[in-house]
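K.L.:
Handing you this structure, nothing more for now.
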Amino acid sequence: MDALDEQIIGLLQENARRSFSDLGRTIGLSTNATAARVRRLEESGIILGYTIRTGSDAPDPRGGLEVFIDVRLDEATDFDVFAERVGSIGEIVDAVHMTGPYDGMVRAFTRDTASLDRLLRRLKKECGAAQTQTRVALRSR
């Protein structure tokens, strides 16, 4: 399994109904090459199946990780653009514009550290984050 396979898995975890064409455009492969990779991941037992999420499946503070991500934006991205881009990411529950050394702070719930890693990579690749600093909540009231 390589970095492209990890990207495919992350994208399918966010939306298992994504087409091979859309996956390929996102990761920079042809539709056929993407389909072959997905089939190989299925045949090797890495992808075991596909499922749906209902409202009750939404990220919950009682399970997984609650994280606070300080974000410094790249020079070409202002906060309004960033906020619009992160609005479609299911794990993110809030994004606020901040004063101080960081431009904003994102509050999110992720299943585990692997999901957190994918979220951080996505913030940098797709949303305009140049630098992040992450804090994990140990407990809340």
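FYI, nothing fancy with the structure tokens labels: chains A, B, ... in order, residues from 1 per chain, ligands from 1 as they appear.
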Neighbouring residues of Ala130 of chain A were defined as those with any atom within 12 Å, considering only C-alpha atoms; residues of the same chain fewer than 6 positions away were excluded. Please report them as a short mmCIF file (atom, residue, chain, number, x, y, z; two decimals) with C-alpha atoms, in the first residue's frame.
P.N.:
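What landed in out.cif:
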```cif
data_model
loop_
_atom_site.label_atom_id
_atom_site.label_comp_id
_atom_site.auth_asym_id
_atom_site.auth_seq_id
_atom_site.Cartn_x
_atom_site.Cartn_y
_atom_site.Cartn_z
CA ASP A 70 -4.56 26.08 15.14
CA VAL A 71 -4.19 27.04 11.48
CA ARG A 72 -1.85 29.49 9.80
CA LEU A 73 -3.10 30.11 6.25
CA ASP A 74 -0.93 30.38 3.17
CA GLU A 75 -0.59 33.85 1.67
CA ALA A 76 -3.09 33.16 -1.12
CA THR A 77 -5.93 32.09 1.20
CA ASP A 78 -8.02 34.37 3.37
CA PHE A 82 -10.72 28.65 4.18
CA TYR A 102 -2.53 31.75 13.93
CA ASP A 103 -5.26 32.85 11.54
CA GLY A 104 -7.89 30.44 12.76
CA LEU A 120 -4.44 17.53 8.66
CA ARG A 121 -3.15 16.55 5.22
CA ARG A 122 -6.46 17.58 3.67
CA LEU A 123 -6.40 20.97 5.42
CA LYS A 124 -2.98 21.61 3.93
#
```
K.L.:
For the contact check between segment 29-121 of chain A and segment 13-17 of chain A, emit one row per residue of segment 29-121 of chain A within 9 Å, containing the shortest atom pair and the distance in Å rounded to one decimal, counting only C-alpha atoms, chain then rising number order, as a Markdown table.
P.N.:
```
| residue | atom | partner | partner_atom | distance |
| --- | --- | --- | --- | --- |
| A:Tyr50 | CA | A:Ala16 | CA | 6.2 |
| A:Thr51 | CA | A:Ala16 | CA | 7.3 |
| A:Ile52 | CA | A:Ala16 | CA | 7.9 |
| A:Ile89 | CA | A:Glu14 | CA | 8.2 |
| A:Gly90 | CA | A:Glu14 | CA | 7.6 |
```
K.L.:
Would you mind listing what lies within 10 Å of Phe20 of chain A as a list in words, with only C-alpha atoms counted and same-chain residues fewer than 2 positions away left out?
P.N.:
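Surrounding residues, per the criterion: Ile8, Arg17, Arg18, Asp22, Leu23, Gly24, Arg25, Thr26, Leu29, Ser30, Thr31, Asn32, Ala33, Thr34, Ala35, Ala36, Arg37 and Val38 of chain A.
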K.L.:
Would you please give, as a PyMOL selection string, all residues of chain A that DSSP assigns to strand (DSSP E or B) based on the backbone?
P.N.:
chain A and resi 65-73+92-97+104-110+129-136
K.L.:
With only C-alpha atoms as the basis for distance, which of A:Ile27, A:Arg139, A:His97, A:Glu42 is at the shortest distance from Gln7 of chain A?
P.N.:
A:Ile27
K.L.:
So how far away is atom CA of Pro101 of chain A from atom CA of Glu84 of chain A, in Å?
P.N.:
21.3 Å
K.L.:
I need the residue nearest Ala83 of chain A from this list: A:Gly128, A:Gly64, A:Gly45, A:Gly100. Use only C-alpha atoms for the distance.
P.N.:
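Between A:Gly128, A:Gly64, A:Gly45, A:Gly100, the residue approaching Ala83 of chain A most closely is A:Gly128.
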K.L.:
Would you please extract all alpha helix (DSSP H) residues from chain A, as assigned by DSSP on the backbone, and give them as a count of residues only?
P.N.:
55
K.L.:
One number please: atom CA of Leu41 of chain A to atom CA of Ile92 of chain A, in Å, one decimal.
P.N.:
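Here the two named atoms are 27.4 Å from each other.
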